[in-house]
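Novice: Could you have a look at this structure, given as structure tokens, before my questions?
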Amino acid sequence: MQETPGHPDPRTFPFEVWGRLQQRIWRNPPEDLLWCHDPSGYLPLRRALADHLRVTRLLQCEPEQVVITTGMKQNVDLVGRLLLDVGDRAIAEDPGFTWFVVDSLGIGVVRAPVDEEGLDILEAERLAPDAKLAIVTPSHQCPLGSTMSLQRRIEMLRWAERRNAWILEDDYDSEFKYSGSPVAALQGLDGGHRVIYAGTFSKALFSTLRLGFLVLPPGIVDAFVRARRGIDTCPSILAQPVMAAFISEGHFGAHIRTMRQVYRRRHQALLAAVSANAAHLFMPVDSVTGLTIALQTAPSLATKMSDRRLAQLAVGAGLHASPLSGYCYDKAALHGLMVGLGTENESELTSGVAKLTLAIDGELT
Ligand SMILES: Cc1ncc(COP(=O)(O)O)c(C=O)c1O
């Protein structure tokens with residue numbers, strides 16, 4: 001079993017629909033699919049995405065602003081390469097997911113604190129007044145699960161204006177919000193001037209698809225398209241027309257709606273199982289979004305067992321889990337587990353928590 005939490009459920013993916021669309025398009029493909037090299041990606045997919053994002057995330061965007069990529073890691077890589085120079089610094093959330101990608105570009109990374117309102121941009125500005133970019137997960141902070149407050153969103157936009165800086169919005173897990181009204185993307189609030197919106201199909205569909213996208217402010221589109229051409233001519237065309245049809249014919253929206261209900265039930269089941277069995281061991285971090293739940297370790301357990309060991313026991317108990325410390329630059333900053341909801345159903349999650357509790361209690365006595 002893989003330890004990585006946050007994978008969507010492969011058992012519920014509508015492969016029959018996908019297969020039908022694939023067959024329809026690729027049995028006898030139109031010639032332009034074979035010879036047209038559009039480095040920004042297949043136009044009908046960019047159109048379908050722009051329509052979808054305007055309605056569901058209140059983005060302000062046109063298909064010309066959309067560039068298809070291979071997912072979030074390439075989104076961060078492209079933005080870092082094109083908008084930052086050697087010696088520039090980027091702000092990344094700590095704990096977070098992207099700092100290691102920025103690190104790999106040789107750009108200075110300033111790791112900024114997050115709390116229940118999301119990234120604290122004013123503290124980040126104090127740490128790095130010269131930063132040129134901030135990478136944030138406003139819909140679902142990874143790994144702590146907070147949704148960025150309106151106050152912080154406004155502060156972020158003001159910071160970007162004041163510092164002439166960019167914001168890369170990773171709209172991570174925005175599809176899966178289980179209560180309260182949906183919160184619109186930061187890009188829409190900004191009108192698309194300073195915010196680069198980044199998306200991936202890794203969470204809504206599956207991550208080996210390697211399909212993602214950027215929505216760029218109009219003034220920087222050309223630079224990204226040229227870079228995209230230089231990297232590999234154009235993104236692979238095989239999945240793009242299928243994805244375009246999947247979105248525009250309503251299957252994508254239907255799949256998200258179904259999965260939101262499925263994951264909501266699992267979210268509730270995991271929290272109930274922790275409260276019933278493992279309240280002496282873990283404190284779930286309050287969150288109403290996403291494919292994972294962060295469980296912080298009770299102080300009495302944290303002193304007795306590393307969270308790497310906890311993750312091994314969790315995997316042995318049939319859960320998809322990884323240590324929370326793995327998301328922190330300073331590994332001692334957090335202690336606990338990230339548990340995935342994507343691959344186990346309610347009863348598997350409930351029995352996984354019961355087995356994990358027994359395993360931990362057994363190891364401690
Ligand atoms: C915060 C965050 N954004 C996006 C992704 C998806 O990355 P990719 O599109 O490269 O698969 C992940 C993967 O775990 C993630 O943790």
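Each chain in the structure tokens gets a letter, A, B and so on, in the order shown; residues start at 1 in every chain, and ligands are counted from 1 in the order they appear.
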Could you give me the residues within range 179-339 of chain A that DSSP places in strand (DSSP E or B), as a list of chain:residue names?

Specialist: A:Val195, A:Ile196, A:Tyr197, A:Ala198, A:Gly199, A:Thr200, A:Gly212, A:Phe213, A:Leu214, A:Val215, A:Phe282, A:Met283, A:Pro284, A:Thr289, A:Thr292, A:Ile293, A:Ala294, A:Leu295, A:Gln296, A:Thr297, A:Ala321, A:Ser322, A:Pro323, A:Gly336, A:Leu337, A:Met338, A:Val339

Novice: Neighbours of range 13-15 of chain A within 9 Å (only C-alpha atoms; same-chain residues fewer than 6 positions away dropped), as JSON, numbers by chain?

Specialist: {"A": [205, 206, 251, 255]}

Novice: Residues at most 12 Å from Met259 in chain A, counting only C-alpha atoms, excluding those fewer than 6 positions away in the same chain, as a PDB file with C-alpha atoms, in the first residue's frame?

Specialist:
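Writing done, so here's out-v1.pdb:
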```pdb
ATOM      1  CA  PRO A   8      -8.752  10.379  -4.886  1.00  0.00           C
ATOM      2  CA  ASP A   9     -10.778   7.175  -4.982  1.00  0.00           C
ATOM      3  CA  PRO A  10      -9.933   5.146  -8.107  1.00  0.00           C
ATOM      4  CA  ARG A  11     -12.904   2.829  -7.504  1.00  0.00           C
ATOM      5  CA  THR A  12     -15.469   5.526  -8.169  1.00  0.00           C
ATOM      6  CA  PHE A  13     -13.975   7.065 -11.308  1.00  0.00           C
ATOM      7  CA  PRO A  14     -16.398   6.846 -14.280  1.00  0.00           C
ATOM      8  CA  ASP A 173      -9.024  20.696  -2.838  1.00  0.00           C
ATOM      9  CA  GLU A 175     -13.846  20.986  -5.123  1.00  0.00           C
ATOM     10  CA  PHE A 176     -14.383  19.247  -1.806  1.00  0.00           C
ATOM     11  CA  LYS A 177     -15.890  21.651   0.694  1.00  0.00           C
ATOM     12  CA  TYR A 178     -18.307  19.858   3.032  1.00  0.00           C
ATOM     13  CA  LYS A 203      -7.269  15.415  -6.857  1.00  0.00           C
ATOM     14  CA  ALA A 204     -10.559  15.477  -8.725  1.00  0.00           C
ATOM     15  CA  LEU A 205      -9.629  12.638 -11.136  1.00  0.00           C
ATOM     16  CA  PHE A 252     -16.731  16.400 -14.650  1.00  0.00           C
ATOM     17  CA  GLY A 253     -19.260  18.460 -12.678  1.00  0.00           C
ATOM     18  CA  ARG A 265     -19.376  10.829   4.608  1.00  0.00           C
ATOM     19  CA  ARG A 266     -15.802   9.583   5.003  1.00  0.00           C
ATOM     20  CA  HIS A 267     -14.739  12.881   6.589  1.00  0.00           C
ATOM     21  CA  GLY A 290     -10.426  18.230   1.364  1.00  0.00           C
ATOM     22  CA  LEU A 291      -9.251  14.714   0.782  1.00  0.00           C
ATOM     23  CA  LEU A 341     -10.059   9.871   2.760  1.00  0.00           C
ATOM     24  CA  GLY A 342      -9.728   8.986  -0.898  1.00  0.00           C
ATOM     25  CA  THR A 343      -8.967   5.313  -0.824  1.00  0.00           C
ATOM     26  CA  ASN A 345     -14.575   3.771   2.663  1.00  0.00           C
TER      27      ASN A 345
END
```

Novice: Just want the 10 Å neighbourhood of Leu301 in chain A, counted on only C-alpha atoms, with same-chain residues fewer than 3 positions away dropped. Output as a list in words.

Specialist: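 So the residues in contact are His280, Leu281, Phe282, Thr297, Ala298, Lys304, Met305, Ser306, Asp307, Leu310, His335, Gly336, Ile360, Asp361 and Leu364 of chain A.
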
Novice: Fewer than 2 positions away in the same chain doesn't count, so skip those; otherwise give me all residues within 10 Å of Asp120 in chain A, counting only C-alpha atoms, as a list in words.

Specialist: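 Near neighbours after the sequence-gap exclusion: Glu93, Ala112, Pro113, Val114, Asp115, Glu116, Glu117, Gly118, Leu122, Glu123, Ala124, Glu125, Met148, Arg152, Arg153, Glu155 and Met156 of chain A.
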
Novice: Among range 65-250 of chain A, which residues carry a DSSP assignment of helix (DSSP H, G or I), reported as a PyMOL selection string?

Specialist: chain A and resi 65+72-83+99-103+121-127+150-163+186-190+207-209+218-232+240-248

Novice: Restricted to C-alpha atoms, what would the selected residues look like written as a compact mmCIF listing (two decimals), in the first residue's frame?

Specialist:
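result25.txt, written as the output of this step:
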```txt
# COMPACT_ATOMS: atom_id res chain seq x y z
CA GLN A 65 -5.18 33.09 -20.44
CA MET A 72 0.87 21.50 -9.83
CA LYS A 73 4.56 20.76 -9.67
CA GLN A 74 5.04 22.00 -13.22
CA ASN A 75 2.85 25.01 -12.40
CA VAL A 76 5.18 26.01 -9.58
CA ASP A 77 8.27 25.21 -11.62
CA LEU A 78 7.16 27.34 -14.60
CA VAL A 79 6.12 30.29 -12.45
CA GLY A 80 9.38 30.17 -10.48
CA ARG A 81 11.53 29.95 -13.61
CA LEU A 82 9.76 32.67 -15.56
CA LEU A 83 8.92 35.26 -12.94
CA TRP A 99 8.58 24.72 -0.78
CA PHE A 100 10.55 21.70 -1.95
CA VAL A 101 9.63 22.48 -5.60
CA VAL A 102 10.75 26.11 -5.19
CA ASP A 103 13.88 24.88 -3.41
CA ILE A 121 1.30 37.56 4.78
CA LEU A 122 2.17 40.47 7.08
CA GLU A 123 4.54 38.24 9.05
CA ALA A 124 5.90 36.89 5.75
CA GLU A 125 6.49 40.46 4.55
CA ARG A 126 8.37 41.21 7.75
CA LEU A 127 10.56 38.15 7.16
CA LEU A 150 -11.42 37.32 3.72
CA GLN A 151 -9.25 39.67 5.78
CA ARG A 152 -6.11 37.69 4.88
CA ARG A 153 -7.16 37.52 1.21
CA ILE A 154 -7.42 41.30 1.11
CA GLU A 155 -4.07 41.62 2.89
CA MET A 156 -2.50 39.27 0.32
CA LEU A 157 -3.77 41.34 -2.61
CA ARG A 158 -2.63 44.58 -0.96
CA TRP A 159 0.80 43.06 -0.32
CA ALA A 160 1.13 42.06 -3.99
CA GLU A 161 0.21 45.59 -5.13
CA ARG A 162 2.49 47.27 -2.59
CA ARG A 163 5.47 45.06 -3.38
CA LEU A 186 -8.55 34.78 -4.89
CA GLN A 187 -8.02 35.31 -8.62
CA GLY A 188 -11.60 36.57 -9.03
CA LEU A 189 -11.20 39.03 -6.17
CA ASP A 190 -8.08 40.44 -7.77
CA SER A 207 -2.70 12.05 -10.36
CA THR A 208 -1.08 9.81 -13.00
CA LEU A 209 -3.19 11.67 -15.59
CA PRO A 218 -2.86 38.66 -19.79
CA GLY A 219 0.51 40.48 -19.74
CA ILE A 220 2.55 37.35 -19.00
CA VAL A 221 0.75 34.80 -21.18
CA ASP A 222 3.21 35.09 -24.11
CA ALA A 223 6.25 34.36 -21.96
CA PHE A 224 4.59 31.21 -20.60
CA VAL A 225 3.50 30.00 -24.02
CA ARG A 226 7.05 30.44 -25.38
CA ALA A 227 8.44 28.57 -22.38
CA ARG A 228 5.86 25.81 -22.84
CA ARG A 229 6.94 25.45 -26.49
CA GLY A 230 10.59 25.27 -25.49
CA ILE A 231 9.95 22.55 -22.93
CA ASP A 232 8.23 19.96 -25.14
CA GLN A 240 -6.78 16.74 -23.67
CA PRO A 241 -9.74 16.33 -26.06
CA VAL A 242 -11.18 13.62 -23.83
CA MET A 243 -10.91 15.95 -20.84
CA ALA A 244 -12.49 18.78 -22.86
CA ALA A 245 -15.50 16.60 -23.67
CA PHE A 246 -15.61 15.25 -20.10
CA ILE A 247 -15.96 18.82 -18.80
CA SER A 248 -18.17 20.37 -21.47
```

Novice: Taking only C-alpha atoms and all ligand atoms into account, which residues are within 8 Å of ligand 1, as a VMD selection string?

Specialist: chain A and resid 5 to 7 70 to 75 96 to 98 137 141 to 143 170 to 173 199 to 203 207 to 208 210 to 212

Novice: CA of Ala273 in chain A and CA of Glu348 in chain A, how far apart in Å?

Specialist: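 CA of Ala273 in chain A lies 10.6 Å from CA of Glu348 in chain A.
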
Novice: Kindly indicate which residue among A:Met283, A:Gln261, A:Leu133, A:Ser347 lies nearest to Ser300 in chain A, using only C-alpha atoms for the distances.

Specialist: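 Nearest candidate to Ser300 in chain A out of A:Met283, A:Gln261, A:Leu133, A:Ser347: A:Met283.
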
Novice: Any idea what the distance is between CA of Gly106 in chain A and CA of Cys234 in chain A?

Specialist: 25.6 Å

Novice: Could you tell me how far CA of Gly250 in chain A lies from CA of Val215 in chain A, in Å and to one decimal?

Specialist: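 Interatomic distance here is 21.2 Å.
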
Novice: Of the candidates A:His320, A:Leu270, A:Ser287, A:Ala279, which shows the shortest atom-to-atom distance to Ser179 in chain A, using only C-alpha atoms?

Specialist: A:Ser287

Novice: With only C-alpha atoms as the counted atoms, please give the residues lying no more than 12 Å from Asp38 in chain A, apart from itself and same-chain residues fewer than 2 positions off, as a compact mmCIF listing (two decimals) with N, CA and C atoms, in the first residue's frame.

Specialist:
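Ended up saving to around.txt:
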```txt
# COMPACT_ATOMS: atom_id res chain seq x y z
N ASP A 32 -6.42 17.81 -37.25
CA ASP A 32 -5.80 18.86 -36.45
C ASP A 32 -5.30 18.34 -35.10
N LEU A 33 -5.92 17.27 -34.63
CA LEU A 33 -5.44 16.70 -33.36
C LEU A 33 -4.02 16.15 -33.53
N LEU A 34 -3.70 15.70 -34.74
CA LEU A 34 -2.41 15.05 -34.96
C LEU A 34 -1.31 16.04 -35.33
N TRP A 35 -1.67 17.15 -35.94
CA TRP A 35 -0.61 18.03 -36.47
C TRP A 35 -0.55 19.41 -35.84
N CYS A 36 -1.60 19.79 -35.13
CA CYS A 36 -1.58 21.16 -34.61
C CYS A 36 -0.83 21.22 -33.29
N SER A 40 0.08 26.22 -25.83
CA SER A 40 -0.70 26.52 -24.63
C SER A 40 -1.72 25.43 -24.33
N GLY A 41 -1.86 24.47 -25.22
CA GLY A 41 -2.80 23.38 -24.96
C GLY A 41 -3.97 23.42 -25.95
N TYR A 42 -4.74 22.37 -25.94
CA TYR A 42 -5.84 22.18 -26.89
C TYR A 42 -6.95 23.21 -26.60
N LEU A 43 -7.28 24.02 -27.62
CA LEU A 43 -8.19 25.15 -27.40
C LEU A 43 -9.54 24.75 -26.80
N PRO A 44 -10.20 23.68 -27.29
CA PRO A 44 -11.50 23.33 -26.66
C PRO A 44 -11.36 23.00 -25.17
N LEU A 45 -10.21 22.47 -24.77
CA LEU A 45 -10.02 22.20 -23.33
C LEU A 45 -9.86 23.52 -22.59
N ARG A 46 -9.11 24.45 -23.18
CA ARG A 46 -8.92 25.74 -22.51
C ARG A 46 -10.25 26.49 -22.42
N GLU A 64 -7.75 32.34 -23.66
CA GLU A 64 -6.39 32.77 -24.05
C GLU A 64 -5.46 32.88 -22.85
N VAL A 66 -5.39 30.66 -20.44
CA VAL A 66 -5.19 29.32 -19.86
C VAL A 66 -4.04 28.62 -20.57
N VAL A 67 -3.12 28.06 -19.80
CA VAL A 67 -2.03 27.25 -20.35
C VAL A 67 -2.09 25.87 -19.69
N ILE A 68 -2.14 24.83 -20.52
CA ILE A 68 -2.22 23.47 -19.98
C ILE A 68 -0.82 23.00 -19.57
N VAL A 225 3.74 30.82 -22.83
CA VAL A 225 3.50 30.00 -24.02
C VAL A 225 4.83 29.69 -24.70
N ARG A 226 5.72 30.70 -24.77
CA ARG A 226 7.05 30.44 -25.38
C ARG A 226 7.82 29.41 -24.56
N ARG A 228 6.53 27.11 -22.67
CA ARG A 228 5.86 25.81 -22.84
C ARG A 228 6.32 25.16 -24.15
N ARG A 229 6.48 25.99 -25.20
CA ARG A 229 6.94 25.45 -26.49
C ARG A 229 8.36 24.92 -26.37
N GLY A 230 9.19 25.68 -25.64
CA GLY A 230 10.59 25.27 -25.49
C GLY A 230 10.74 23.99 -24.70
N ASP A 232 8.52 21.22 -24.41
CA ASP A 232 8.23 19.96 -25.14
C ASP A 232 7.21 20.18 -26.27
N THR A 233 7.35 21.30 -26.97
CA THR A 233 6.50 21.64 -28.13
C THR A 233 5.06 21.96 -27.71
N CYS A 234 4.38 20.95 -27.17
CA CYS A 234 3.02 21.17 -26.67
C CYS A 234 2.71 20.03 -25.71
N PRO A 235 1.76 20.25 -24.80
CA PRO A 235 1.44 19.13 -23.90
C PRO A 235 0.85 17.96 -24.70
N SER A 236 1.06 16.75 -24.24
CA SER A 236 0.56 15.57 -24.97
C SER A 236 -0.94 15.72 -25.25
N ILE A 237 -1.32 15.37 -26.47
CA ILE A 237 -2.69 15.62 -26.91
C ILE A 237 -3.65 14.49 -26.52
N GLN A 240 -6.17 15.40 -23.67
CA GLN A 240 -6.78 16.74 -23.67
C GLN A 240 -8.18 16.81 -24.30
```

Novice: So, counting only C-alpha atoms, which residue among A:Ile25, A:Ile135, A:Val109, A:Ala198 is closest to Arg57 in chain A?

Specialist: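 Result for the nearest residue to Arg57 in chain A: A:Ala198.
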